[in-house]
$ cat structure.txt   # compact mmCIF, C-alpha atoms
# COMPACT_ATOMS: atom_id res chain seq x y z
CA MET A 21 5.67 8.90 23.49
CA LYS A 22 3.40 7.12 21.02
CA LYS A 23 0.52 7.02 23.50
CA GLU A 24 0.97 10.67 24.38
CA PHE A 25 0.96 11.67 20.71
CA LEU A 26 -2.17 9.60 20.04
CA VAL A 27 -3.98 11.11 23.03
CA SER A 28 -2.97 14.60 21.88
CA ILE A 29 -4.41 14.02 18.42
CA LEU A 30 -7.67 12.68 19.85
CA LEU A 31 -7.95 15.66 22.21
CA LEU A 32 -7.40 18.05 19.30
CA ILE A 33 -10.13 16.32 17.28
CA SER A 34 -12.50 16.41 20.24
CA ALA A 35 -11.78 20.09 20.93
CA ALA A 36 -12.24 21.01 17.27
CA SER A 37 -15.61 19.26 17.15
CA ARG A 38 -16.78 21.38 20.10
CA VAL A 39 -15.46 24.61 18.61
CA PHE A 40 -16.99 24.12 15.19
CA GLY A 41 -20.22 22.49 16.29
CA VAL A 42 -21.78 20.13 13.75
CA THR A 43 -19.23 18.14 11.79
CA ALA A 44 -19.64 16.35 8.46
CA PHE A 45 -18.55 12.73 8.14
CA THR A 46 -17.69 10.54 5.17
CA GLY A 47 -16.17 7.11 5.32
CA TYR A 48 -15.49 3.71 3.85
CA ALA A 49 -15.60 0.26 5.38
CA GLY A 50 -14.78 -3.13 3.96
CA GLY A 51 -14.29 -6.75 4.84
CA LYS A 52 -12.92 -9.83 3.08
CA LEU A 53 -13.08 -13.52 3.85
CA ASN A 54 -10.17 -15.63 2.63
CA GLN A 55 -10.75 -19.38 2.40
CA GLY A 56 -7.73 -21.55 1.65
CA ALA A 57 -5.48 -24.15 3.19
CA ASN A 58 -3.01 -23.87 6.03
CA GLU A 59 0.36 -23.53 4.28
CA LYS A 60 2.27 -24.84 7.30
CA ALA A 61 0.25 -28.05 7.66
CA GLU A 62 1.44 -31.14 5.80
CA ASP A 63 -2.09 -32.39 5.16
CA TYR A 64 -5.07 -30.30 4.19
CA GLU A 65 -6.41 -28.06 6.95
CA GLY A 66 -9.03 -25.45 6.20
CA ASP A 67 -7.98 -21.85 6.81
CA LEU A 68 -10.56 -19.06 7.00
CA LYS A 69 -9.34 -15.53 7.71
CA LEU A 70 -11.04 -12.19 7.95
CA GLN A 71 -9.58 -8.86 6.88
CA ALA A 72 -11.48 -5.67 7.55
CA PHE A 73 -10.86 -1.94 7.56
CA PHE A 74 -12.56 1.32 8.37
CA ALA A 75 -11.65 4.76 7.04
CA GLY A 76 -13.47 7.92 8.05
CA GLN A 77 -13.03 11.64 7.56
CA PHE A 78 -14.50 14.23 9.90
CA ASN A 79 -14.87 17.67 8.30
CA PHE A 80 -15.13 20.28 11.05
CA ASN A 81 -15.40 23.00 8.41
CA GLN A 82 -14.03 23.52 4.91
CA ASN A 83 -10.54 24.23 6.27
CA ILE A 84 -10.05 21.69 9.08
CA TRP A 85 -10.62 17.92 9.02
CA SER A 86 -9.33 14.73 10.54
CA HIS A 87 -8.86 11.27 9.07
CA LEU A 88 -8.96 7.93 10.86
CA GLU A 89 -8.21 4.57 9.30
CA PHE A 90 -7.60 1.20 10.95
CA SER A 91 -7.55 -2.43 9.86
CA ILE A 92 -7.90 -5.89 11.38
CA ASP A 93 -6.37 -9.15 10.17
CA THR A 94 -7.44 -12.31 12.01
CA ASP A 95 -5.91 -15.75 12.36
CA ASN A 96 -7.76 -18.88 11.28
CA LEU A 97 -11.44 -18.77 12.24
CA LEU A 98 -11.96 -22.53 11.65
CA THR A 99 -10.81 -23.56 15.10
CA ASP A 100 -12.52 -24.16 18.43
CA ASP A 101 -10.97 -20.89 19.66
CA VAL A 102 -13.35 -18.92 17.46
CA PHE A 103 -16.00 -19.44 20.17
CA LYS A 104 -13.60 -18.04 22.76
CA LYS A 105 -10.92 -15.70 21.43
CA THR A 106 -9.35 -15.55 17.97
CA PRO A 107 -5.94 -13.87 17.67
CA ALA A 108 -5.98 -10.84 15.37
CA GLN A 109 -3.65 -8.04 14.36
CA PHE A 110 -5.04 -4.56 14.83
CA ARG A 111 -3.30 -1.69 13.09
CA ILE A 112 -3.88 2.06 13.02
CA ASP A 113 -3.14 2.87 9.40
CA GLU A 114 -3.67 6.60 9.78
CA LEU A 115 -4.81 9.13 12.35
CA SER A 116 -4.34 12.70 11.21
CA LEU A 117 -5.53 16.26 11.66
CA THR A 118 -5.21 18.64 8.68
CA GLY A 119 -5.61 22.38 8.30
CA LYS A 120 -6.00 24.09 4.93
CA MET A 121 -4.79 27.64 4.17
CA THR A 122 -5.69 29.24 0.84
CA PHE A 123 -3.52 31.86 -0.82
CA THR A 124 -3.66 33.66 -4.18
CA SER A 125 -1.91 31.01 -6.25
CA THR A 126 -1.43 28.11 -3.82
CA VAL A 127 -3.14 26.03 -1.17
CA ASN A 128 -1.18 24.89 1.88
CA TYR A 129 -2.09 21.71 3.81
CA LEU A 130 -0.49 21.34 7.25
CA SER A 131 -1.01 18.00 9.02
CA ALA A 132 -0.11 16.17 12.20
CA PHE A 133 -0.30 12.39 11.89
CA ILE A 134 0.38 9.00 13.36
CA GLY A 135 0.58 5.88 11.18
CA MET A 136 0.94 5.86 7.41
CA TYR A 137 0.22 9.29 5.92
CA ASP A 138 0.02 9.69 2.12
CA PRO A 139 2.13 6.53 1.63
CA ILE A 140 4.34 6.52 -1.45
CA GLY A 141 3.31 3.64 -3.72
CA SER A 142 -0.38 4.08 -3.05
CA ASP A 143 -2.37 6.48 -5.23
CA ILE A 144 -4.06 8.03 -2.18
CA LEU A 145 -2.14 11.32 -2.43
CA LEU A 146 -2.96 11.68 -6.15
CA GLN A 147 -6.66 11.03 -5.53
CA ARG A 148 -6.83 13.34 -2.49
CA TYR A 149 -5.14 16.36 -3.98
CA PHE A 150 -5.89 16.05 -7.71
CA GLY A 151 -9.25 14.26 -7.63
CA ILE A 152 -8.24 11.67 -10.23
CA GLU A 153 -9.42 8.07 -10.59
CA GLY A 154 -7.31 5.36 -9.03
CA ILE A 155 -4.29 4.39 -11.14
CA ALA A 156 -2.66 1.74 -8.93
CA SER A 157 -1.93 -1.69 -10.36
CA LYS A 158 -4.57 -4.33 -9.73
CA VAL A 159 -1.86 -6.84 -8.76
CA THR A 160 -1.22 -4.76 -5.62
CA ASP A 161 -4.81 -4.88 -4.37
CA SER A 162 -5.10 -5.37 -0.62
CA TRP A 163 -7.97 -5.20 1.86
CA LEU A 164 -5.85 -3.94 4.73
CA GLY A 165 -6.91 -0.32 4.23
CA THR A 166 -7.96 1.92 1.36
CA GLY A 167 -4.50 2.04 -0.20
CA ASN A 168 -2.47 -0.50 -2.12
CA SER A 169 1.09 -1.63 -1.51
CA ILE A 170 3.73 0.87 -0.44
CA LEU A 171 7.22 1.39 -1.82
CA TYR A 172 8.81 1.96 1.56
CA PRO A 173 7.35 2.15 5.10
CA GLN A 174 6.64 5.87 5.35
CA TRP A 175 5.06 5.51 8.77
CA GLY A 176 5.52 6.98 12.22
CA MET A 177 4.51 10.08 14.17
CA GLY A 178 5.13 13.49 12.74
CA MET A 179 4.12 16.48 10.64
CA ALA A 180 3.55 17.10 6.94
CA ASP A 181 3.33 20.30 4.94
CA VAL A 182 2.00 20.08 1.37
CA LEU A 183 1.80 23.01 -1.02
CA LYS A 184 -0.47 22.65 -4.05
CA PHE A 185 -0.40 25.10 -6.97
CA TYR A 186 -3.41 26.52 -8.79
CA THR A 187 -1.73 27.26 -12.12
CA LEU A 188 -0.54 23.69 -12.67
CA PRO A 189 -1.74 20.36 -11.19
CA THR A 190 1.44 20.14 -9.13
CA LEU A 191 2.36 19.87 -5.46
CA ILE A 192 5.44 19.75 -3.28
CA GLY A 193 5.63 18.55 0.29
CA ILE A 194 7.90 17.89 3.23
CA TYR A 195 7.33 15.15 5.83
CA ALA A 196 9.13 14.92 9.18
CA TYR A 197 8.41 11.88 11.36
CA VAL A 198 9.88 9.47 13.89
CA ASN A 199 9.56 5.69 13.66
CA SER A 200 11.23 2.46 14.80
CA GLU A 201 12.72 1.18 11.55
CA ASP A 202 16.06 0.61 13.27
CA ASP A 203 16.24 -2.37 15.63
CA GLU A 204 17.99 -0.38 18.37
CA TYR A 205 17.03 3.28 18.10
CA LYS A 206 14.26 5.62 17.10
CA VAL A 207 14.76 6.99 13.59
CA PHE A 208 14.11 10.61 12.67
CA ASN A 209 13.08 10.91 8.99
CA VAL A 210 12.75 13.85 6.61
CA ASP A 211 11.17 13.22 3.20
CA LEU A 212 10.61 15.52 0.24
CA ARG A 213 7.64 14.90 -2.06
CA ASN A 214 6.76 16.10 -5.55
CA ALA A 215 3.71 15.05 -7.56
CA PHE A 216 1.82 16.21 -10.61
CA SER A 217 -1.05 14.90 -12.69
CA PHE A 218 -1.54 15.90 -16.31
CA HIS A 219 -3.90 14.28 -18.80
CA TYR A 220 -1.27 11.93 -20.22
CA PHE A 221 1.45 12.02 -17.57
CA THR A 222 1.17 11.45 -13.81
CA MET A 223 4.06 11.14 -11.38
CA ASP A 224 4.55 10.89 -7.63
CA LEU A 225 8.12 11.06 -6.35
CA ALA A 226 9.48 10.95 -2.81
CA ALA A 227 12.95 10.68 -1.31
CA GLY A 228 14.34 11.13 2.15
CA LEU A 229 16.87 10.39 4.87
CA GLY A 230 16.49 8.60 8.19
CA ALA A 231 18.83 9.18 11.12
CA PRO A 232 18.92 6.61 13.99
CA LEU A 233 19.12 8.66 17.18
CA SER A 234 21.80 6.89 19.21
CA ASP A 235 22.64 7.79 22.82
CA LYS A 236 26.28 6.69 22.53
CA SER A 237 29.24 7.93 20.54
CA GLN A 238 32.63 6.20 20.63
CA GLY A 239 31.51 4.33 23.73
CA LYS A 240 30.47 7.45 25.64
CA ASP A 241 26.96 8.48 26.69
CA VAL A 242 25.68 11.52 24.81
CA ILE A 243 22.34 13.22 24.36
CA VAL A 244 22.06 12.41 20.64
CA ALA A 245 24.54 10.90 18.21
CA ILE A 246 24.09 10.02 14.55
CA ASN A 247 26.52 7.29 13.51
CA LYS A 248 24.86 6.32 10.23
CA LEU A 249 22.07 7.36 7.90
CA TYR A 250 19.37 5.53 5.98
CA TRP A 251 18.10 6.78 2.64
CA HIS A 252 14.97 5.78 0.81
CA MET A 253 13.15 6.77 -2.34
CA GLY A 254 10.15 5.76 -4.41
CA THR A 255 8.23 6.84 -7.47
CA THR A 256 4.96 6.07 -9.23
CA ILE A 257 4.67 6.98 -12.92
CA LEU A 258 1.83 6.63 -15.41
CA LEU A 259 2.34 7.52 -19.07
CA GLY A 260 -1.12 7.78 -20.64
CA ASN A 261 -4.25 7.26 -18.57
CA ASN A 262 -6.90 4.66 -17.81
CA TYR A 263 -8.57 5.12 -21.20
CA THR A 264 -5.73 5.49 -23.71
CA ALA A 265 -5.09 2.63 -26.14
CA ALA A 266 -1.66 2.09 -24.58
CA ALA A 267 -0.18 3.25 -21.30
CA LEU A 268 2.83 2.45 -19.16
CA PHE A 269 2.65 2.22 -15.36
CA ALA A 270 5.83 1.92 -13.31
CA GLN A 271 6.81 1.88 -9.65
CA MET A 272 10.32 1.75 -8.17
CA GLY A 273 11.53 2.03 -4.62
CA ILE A 274 14.49 1.49 -2.29
CA ASN A 275 14.20 1.27 1.49
CA ASN A 276 16.76 1.49 4.28
CA ALA A 277 19.86 1.81 2.13
CA SER A 278 22.47 2.64 4.76
CA ILE A 279 25.20 5.27 4.62
CA GLN A 280 28.10 4.87 7.07
CA PRO A 281 30.37 7.93 6.83
CA LYS A 282 33.15 6.53 9.03
CA ALA A 283 33.39 3.34 7.00
CA ASN A 284 32.94 5.35 3.77
CA LYS A 285 30.44 2.87 2.35
CA MET A 286 26.83 2.60 1.28
CA GLU A 287 24.78 -0.61 1.35
CA ILE A 288 21.56 -1.44 -0.49
CA THR A 289 19.64 -4.53 0.61
CA PRO A 290 18.15 -6.29 -2.45
CA GLU A 291 15.30 -7.69 -0.34
CA THR A 292 13.97 -4.16 0.26
CA CYS A 293 14.02 -3.02 -3.39
CA TYR A 294 10.66 -2.59 -5.13
CA PHE A 295 10.16 -2.77 -8.91
CA LEU A 296 6.95 -2.96 -10.94
CA LEU A 297 6.68 -2.34 -14.69
CA GLU A 298 3.22 -2.66 -16.24
CA PRO A 299 2.35 -1.97 -19.90
CA ARG A 300 -1.41 -1.43 -20.23
CA PHE A 301 -3.60 -1.84 -23.31
CA TYR A 302 -7.23 -0.91 -23.95
CA ASN A 303 -9.20 -1.47 -27.17
CA GLY A 304 -12.41 0.23 -26.07
CA VAL A 305 -13.91 -3.06 -24.87
CA ALA A 306 -11.40 -4.83 -22.64
CA HIS A 307 -8.21 -4.01 -20.73
CA ALA A 308 -4.98 -6.05 -20.70
CA HIS A 309 -2.21 -5.31 -18.18
CA ILE A 310 1.12 -7.16 -18.22
CA SER A 311 3.03 -6.81 -14.93
CA PHE A 312 6.73 -7.53 -14.41
CA TYR A 313 7.62 -7.31 -10.72
CA ILE A 314 10.31 -7.76 -8.08
CA LEU A 315 8.84 -7.05 -4.65
CA PRO A 316 9.87 -7.32 -0.99
CA LYS A 317 8.58 -10.36 0.88
CA ASP A 318 6.69 -8.20 3.40
CA THR A 319 4.84 -6.49 0.54
CA VAL A 320 3.83 -9.76 -1.11
CA SER A 321 2.51 -11.18 2.17
CA GLU A 322 -0.27 -8.55 2.23
CA LEU A 323 -1.36 -8.85 -1.42
CA MET A 324 -4.30 -10.82 -2.77
CA VAL A 325 -3.02 -11.62 -6.26
CA LEU A 326 0.72 -12.21 -5.93
CA ASP A 327 2.40 -14.97 -3.93
CA ASP A 328 5.94 -14.62 -5.26
CA THR A 329 8.63 -11.96 -5.03
CA LEU A 330 9.68 -12.14 -8.70
CA GLY A 331 7.51 -12.89 -11.70
CA VAL A 332 5.09 -11.80 -14.38
CA ASN A 333 1.31 -11.45 -14.36
CA LEU A 334 -1.27 -10.99 -17.12
CA ASN A 335 -4.51 -9.29 -16.10
CA VAL A 336 -7.38 -9.17 -18.63
CA PHE A 337 -10.69 -7.61 -17.59
CA ARG A 338 -13.77 -5.91 -18.96
CA ASN A 339 -16.19 -3.43 -17.42
CA ILE A 340 -19.80 -4.07 -18.45
CA ASN A 341 -22.33 -1.27 -18.04
CA THR A 342 -25.98 -2.26 -17.85
CA ARG A 343 -29.04 -0.14 -17.26
CA ASN A 344 -28.91 -0.66 -13.50
CA ASN A 345 -25.38 -1.77 -12.67
CA ILE A 346 -21.70 -2.02 -13.53
CA PHE A 347 -19.96 -5.40 -13.64
CA THR A 348 -16.25 -6.20 -13.91
CA ILE A 349 -15.14 -9.64 -15.01
CA GLY A 350 -11.59 -10.78 -15.66
CA PHE A 351 -8.71 -13.06 -14.78
CA HIS A 352 -5.08 -12.99 -13.62
CA LEU A 353 -2.58 -15.47 -15.03
CA GLY A 354 0.75 -15.31 -13.22
CA ALA A 355 4.05 -17.15 -12.97
CA GLY A 356 6.84 -16.44 -10.53
CA PHE A 357 9.58 -17.52 -8.16
CA ASP A 358 9.55 -16.93 -4.43
CA ASP A 359 12.52 -15.49 -2.50
CA LYS A 360 14.15 -14.12 -5.66
CA TYR A 361 15.19 -10.47 -5.81
CA VAL A 362 17.06 -7.94 -7.94
CA ASN A 363 20.45 -9.53 -7.32
CA ASP A 364 19.10 -12.91 -8.53
CA LEU A 365 18.21 -11.71 -12.03
CA ILE A 366 21.56 -12.71 -13.54
CA LYS A 367 21.99 -15.92 -11.51
CA PHE A 368 20.25 -18.20 -13.98
CA SER A 369 21.91 -21.30 -12.52
CA ASP A 370 20.00 -20.75 -9.27
CA TYR A 371 16.62 -21.05 -11.01
CA ASP A 372 14.84 -24.39 -11.01
CA ILE A 373 11.74 -24.83 -13.16
CA SER A 374 10.25 -27.01 -10.43
CA ASP A 375 10.18 -23.93 -8.19
CA LEU A 376 8.03 -21.99 -10.66
CA ASN A 377 4.59 -21.15 -9.31
CA VAL A 378 1.75 -20.70 -11.82
CA ASN A 379 -1.60 -19.28 -10.68
CA LEU A 380 -4.88 -18.54 -12.40
CA ILE A 381 -7.36 -16.17 -10.74
CA PRO A 382 -10.75 -15.53 -12.35
CA TYR A 383 -12.54 -12.67 -10.58
CA PHE A 384 -15.80 -10.78 -10.60
CA SER A 385 -17.11 -7.55 -9.03
CA THR A 386 -20.39 -5.68 -9.08
CA ASN A 387 -22.07 -2.77 -7.32
CA ILE A 388 -24.58 -3.70 -4.63
CA LEU A 389 -26.36 -0.99 -2.64
CA ALA A 390 -23.72 1.60 -1.71
CA GLY A 391 -20.74 -0.70 -2.14
CA THR A 392 -18.86 -3.15 -4.30
CA LEU A 393 -18.95 -6.94 -4.01
CA ASN A 394 -15.76 -8.74 -5.09
CA ALA A 395 -15.19 -12.45 -5.56
CA SER A 396 -12.19 -14.40 -6.85
CA LEU A 397 -10.89 -17.95 -7.05
CA LYS A 398 -7.15 -18.59 -7.04
CA VAL A 399 -5.97 -21.87 -8.59
CA LYS A 400 -2.38 -22.86 -7.69
CA PHE A 401 -1.27 -25.35 -10.32
CA LYS A 402 1.91 -26.30 -8.47
CA GLU A 403 -0.13 -27.93 -5.72
CA PHE A 404 -1.45 -30.46 -8.25
CA THR A 405 2.11 -31.48 -9.18
CA ARG A 406 2.90 -31.86 -5.47
CA GLY A 407 -0.05 -34.21 -5.09
CA LYS A 408 -1.94 -31.83 -2.79
CA PRO A 409 -4.99 -30.67 -4.76
CA GLY A 410 -6.76 -29.60 -1.56
CA LYS A 411 -4.26 -26.75 -1.23
CA ALA A 412 -4.69 -25.61 -4.82
CA PHE A 413 -7.76 -23.42 -4.30
CA VAL A 414 -8.16 -20.11 -2.49
CA ILE A 415 -11.44 -18.18 -2.40
CA ASP A 416 -11.71 -14.48 -1.62
CA LEU A 417 -15.07 -12.83 -1.01
CA GLY A 418 -15.23 -9.19 -0.01
CA TYR A 419 -17.45 -6.14 0.22
CA LYS A 420 -16.43 -2.48 0.36
CA CYS A 421 -18.94 0.32 0.85
CA LYS A 422 -19.28 4.03 1.49
CA ILE A 423 -20.89 4.96 4.81

$ encode --input "structure.txt" --output "structure tokens"
Amino acid sequence: MKKEFLVSILLLISAASRVFGVTAFTGYAGGKLNQGANEKAEDYEGDLKLQAFFAGQFNFNQNIWSHLEFSIDTDNLLTDDVFKKTPAQFRIDELSLTGKMTFTSTVNYLSAFIGMYDPIGSDILLQRYFGIEGIASKVTDSWLGTGNSILYPQWGMGMADVLKFYTLPTLIGIYAYVNSEDDEYKVFNVDLRNAFSFHYFTMDLAAGLGAPLSDKSQGKDVIVAINKLYWHMGTTILLGNNYTAAALFAQMGINNASIQPKANKMEITPETCYFLLEPRFYNGVAHAHISFYILPKDTVSELMVLDDTLGVNLNVFRNINTRNNIFTIGFHLGAGFDDKYVNDLIKFSDYDISDLNVNLIPYFSTNILAGTLNASLKVKFKEFTRGKPGKAFVIDLGYKCKI
């Protein structure tokens, strides 16, 4: 089914390009080298990984366009296998075809997609439909695509219908898609979306239900049976904006909370709950963001800044404008515990100060040609106390450009 859907989308894109003749293309590409130490090795072993992504949009005319985004994440390149074959994970982040219909007071966007479309948690939807600057937290930066972390895995194959209003910067949307979130069955999901962006208040809210499509009911074979439901929700909120003296950024999400009607119970898994609260301050010269977070392990594994599931991070940075360029210089100072979640907040006896991880990350970015060069050095102080200074340093060097 997945292959057939993908082929159908590609055929639609190909047919549209023939119908509308010359198409316009815009895109982004980026790559990042990560130099650190192999966490699984007892002694120091160098670990060099490459992350890269490509995102392109094909505009067939002003009312029809397609979007393609994919990413690659390699294993260690510092092995003899690099001269033969290096294992890598390839992922289609998004493949979509969108049609725009304009009415008197609204604009309707109807899309067919495969992958992650307008993921909740990323600010992609807000930038696409409202044309605002990025508002996502810098602690959720990732090079596996153009977006940041997501509140719940809103991925699969399906359709989306988004209605944007002219009178107010507001939109509503409905998403229907099928994925494999359940270990046994395909899951049919329906999500509702509401977002708006005012000068001092921006919000993106989504909530939905997932129904595992079973083929058995009470031990008998049936066409379709729904024995339980999943529900999920997520929201991104910004009070203020990127240039106010004080602002508050917040993200909250719950994934795969199950509802079992026959058992008359509902279960929420703490490991899938997402919480990020970030007061932001700006004095006209420098920015200071203080992040308090409790994140799923799968989310943390794809982030550059954070290594722990629960903790706090201070990010101080300054943008410097010169005659010919723009520089950003700053640092992250974070402390956290790994494998701690919402249900562990009140279990103070389970916390051991020796498990506390403290990291310092000075970073730098500048514009070069049509892109941005980023460099950072992560210092893990806990590795010094463990007597393994070789594992204390991680270097990230990346470049992202418009093509």

$ closest_residue --input "structure.txt" --among "A:Tyr172, A:Phe110, A:Phe295, A:Tyr302" --to "A:Gly331" --atoms "only C-alpha atoms"
A:Phe295

$ residues_around --input "structure.txt" --residues "stretch 220-227 of chain A" --least-positions-apart "4" --cutoff "6 Å" --atoms "all atoms listed in the file" --output "count of residues only"
16

$ residues_around --input "structure.txt" --residues "A:Gly178" --least-positions-apart "6" --cutoff "10 Å" --atoms "all atoms listed in the file" --output "PyMOL selection string"
chain A and resi 25+116+131-135+137+195-199+208-210

$ atom_distance --input "structure.txt" --atom1 "atom CA of A:Thr289" --atom2 "atom CA of A:Glu59"
27.3 Å

$ atom_distance --input "structure.txt" --atom1 "atom CA of A:Gln147" --atom2 "atom CA of A:Asn345"
23.8 Å

$ residues_around --input "structure.txt" --residues "A:Met136" --least-positions-apart "6" --cutoff "9 Å" --atoms "all atoms listed in the file" --output "PDB file with C-alpha atoms, in the coordinates of the input"
ATOM      1  CA  ILE A 112      -3.880   2.060  13.020  1.00  0.00           C
ATOM      2  CA  ASP A 113      -3.140   2.870   9.400  1.00  0.00           C
ATOM      3  CA  GLU A 114      -3.670   6.600   9.780  1.00  0.00           C
ATOM      4  CA  LEU A 115      -4.810   9.130  12.350  1.00  0.00           C
ATOM      5  CA  PRO A 173       7.350   2.150   5.100  1.00  0.00           C
ATOM      6  CA  GLN A 174       6.640   5.870   5.350  1.00  0.00           C
ATOM      7  CA  TRP A 175       5.060   5.510   8.770  1.00  0.00           C
ATOM      8  CA  GLY A 176       5.520   6.980  12.220  1.00  0.00           C
ATOM      9  CA  MET A 177       4.510  10.080  14.170  1.00  0.00           C
TER      10      MET A 177
END

$ closest_residue --input "structure.txt" --among "A:Asp143, A:Asp63, A:Asp416, A:Asp318" --to "A:Pro382" --atoms "all atoms listed in the file"
A:Asp416

$ closest_residue --input "structure.txt" --among "A:Gly119, A:Ile144, A:Asp359, A:Val244" --to "A:Val182" --atoms "all atoms listed in the file"
A:Gly119

$ residues_around --input "structure.txt" --residues "A:Asp328" --least-positions-apart "6" --cutoff "6 Å" --atoms "only C-alpha atoms" --output "compact mmCIF listing (two decimals) with C-alpha atoms, in the frame of the given file"
# COMPACT_ATOMS: atom_id res chain seq x y z
CA GLY A 356 6.84 -16.44 -10.53
CA PHE A 357 9.58 -17.52 -8.16
CA ASP A 358 9.55 -16.93 -4.43

$ closest_residue --input "structure.txt" --among "A:Ser396, A:Thr106, A:Ser369, A:Asn339" --to "A:Gly56" --atoms "only C-alpha atoms"
A:Ser396

$ residues_around --input "structure.txt" --residues "A:Leu130" --least-positions-apart "4" --cutoff "6 Å" --atoms "only C-alpha atoms" --output "short mmCIF file (atom, residue, chain, number, x, y, z; two decimals) with C-alpha atoms, in the coordinates of the input"
data_model
loop_
_atom_site.label_atom_id
_atom_site.label_comp_id
_atom_site.auth_asym_id
_atom_site.auth_seq_id
_atom_site.Cartn_x
_atom_site.Cartn_y
_atom_site.Cartn_z
CA THR A 118 -5.21 18.64 8.68
CA GLY A 119 -5.61 22.38 8.30
CA ALA A 180 3.55 17.10 6.94
CA ASP A 181 3.33 20.30 4.94
#

$ atom_distance --input "structure.txt" --atom1 "atom CA of A:Glu201" --atom2 "atom CA of A:Leu88"
22.7 Å

$ residues_near_point --input "structure.txt" --point "(-22.4, -4.7, -9.1)" --cutoff "10 Å" --atoms "all atoms listed in the file" --output "ChimeraX atom specification"
/A:340-342,344-348,384-394

$ closest_residue --input "structure.txt" --among "A:Leu417, A:Leu353, A:Ala277, A:Ile381" --to "A:Leu70" --atoms "all atoms listed in the file"
A:Leu417

$ closest_residue --input "structure.txt" --among "A:His219, A:Lys248, A:His309, A:Lys408" --to "A:Ala231" --atoms "all atoms listed in the file"
A:Lys248

$ build_atoms --input "structure.txt" --residues "stretch 396-408 of chain A" --atoms "N, CA and C atoms" --output "short mmCIF file (atom, residue, chain, number, x, y, z; two decimals), in the coordinates of the input"
data_model
loop_
_atom_site.label_atom_id
_atom_site.label_comp_id
_atom_site.auth_asym_id
_atom_site.auth_seq_id
_atom_site.Cartn_x
_atom_site.Cartn_y
_atom_site.Cartn_z
N SER A 396 -13.24 -13.83 -6.01
CA SER A 396 -12.19 -14.40 -6.85
C SER A 396 -11.87 -15.81 -6.40
N LEU A 397 -11.33 -16.58 -7.32
CA LEU A 397 -10.89 -17.95 -7.05
C LEU A 397 -9.47 -18.11 -7.57
N LYS A 398 -8.55 -18.37 -6.65
CA LYS A 398 -7.15 -18.59 -7.04
C LYS A 398 -6.88 -20.08 -7.18
N VAL A 399 -6.33 -20.47 -8.34
CA VAL A 399 -5.97 -21.87 -8.59
C VAL A 399 -4.45 -21.95 -8.67
N LYS A 400 -3.84 -22.70 -7.74
CA LYS A 400 -2.38 -22.86 -7.69
C LYS A 400 -2.01 -24.20 -8.34
N PHE A 401 -1.52 -24.13 -9.56
CA PHE A 401 -1.27 -25.35 -10.32
C PHE A 401 -0.13 -26.18 -9.73
N LYS A 402 0.79 -25.55 -9.04
CA LYS A 402 1.91 -26.30 -8.47
C LYS A 402 1.46 -27.31 -7.43
N GLU A 403 0.36 -27.01 -6.73
CA GLU A 403 -0.13 -27.93 -5.72
C GLU A 403 -0.61 -29.25 -6.32
N PHE A 404 -1.06 -29.21 -7.58
CA PHE A 404 -1.45 -30.46 -8.25
C PHE A 404 -0.22 -31.33 -8.50
N THR A 405 0.89 -30.72 -8.92
CA THR A 405 2.11 -31.48 -9.18
C THR A 405 2.71 -32.03 -7.89
N ARG A 406 2.41 -31.38 -6.76
CA ARG A 406 2.90 -31.86 -5.47
C ARG A 406 1.98 -32.92 -4.88
N GLY A 407 0.90 -33.20 -5.58
CA GLY A 407 -0.05 -34.21 -5.09
C GLY A 407 -0.91 -33.73 -3.95
N LYS A 408 -1.13 -32.40 -3.86
CA LYS A 408 -1.94 -31.83 -2.79
C LYS A 408 -3.01 -30.92 -3.38
#
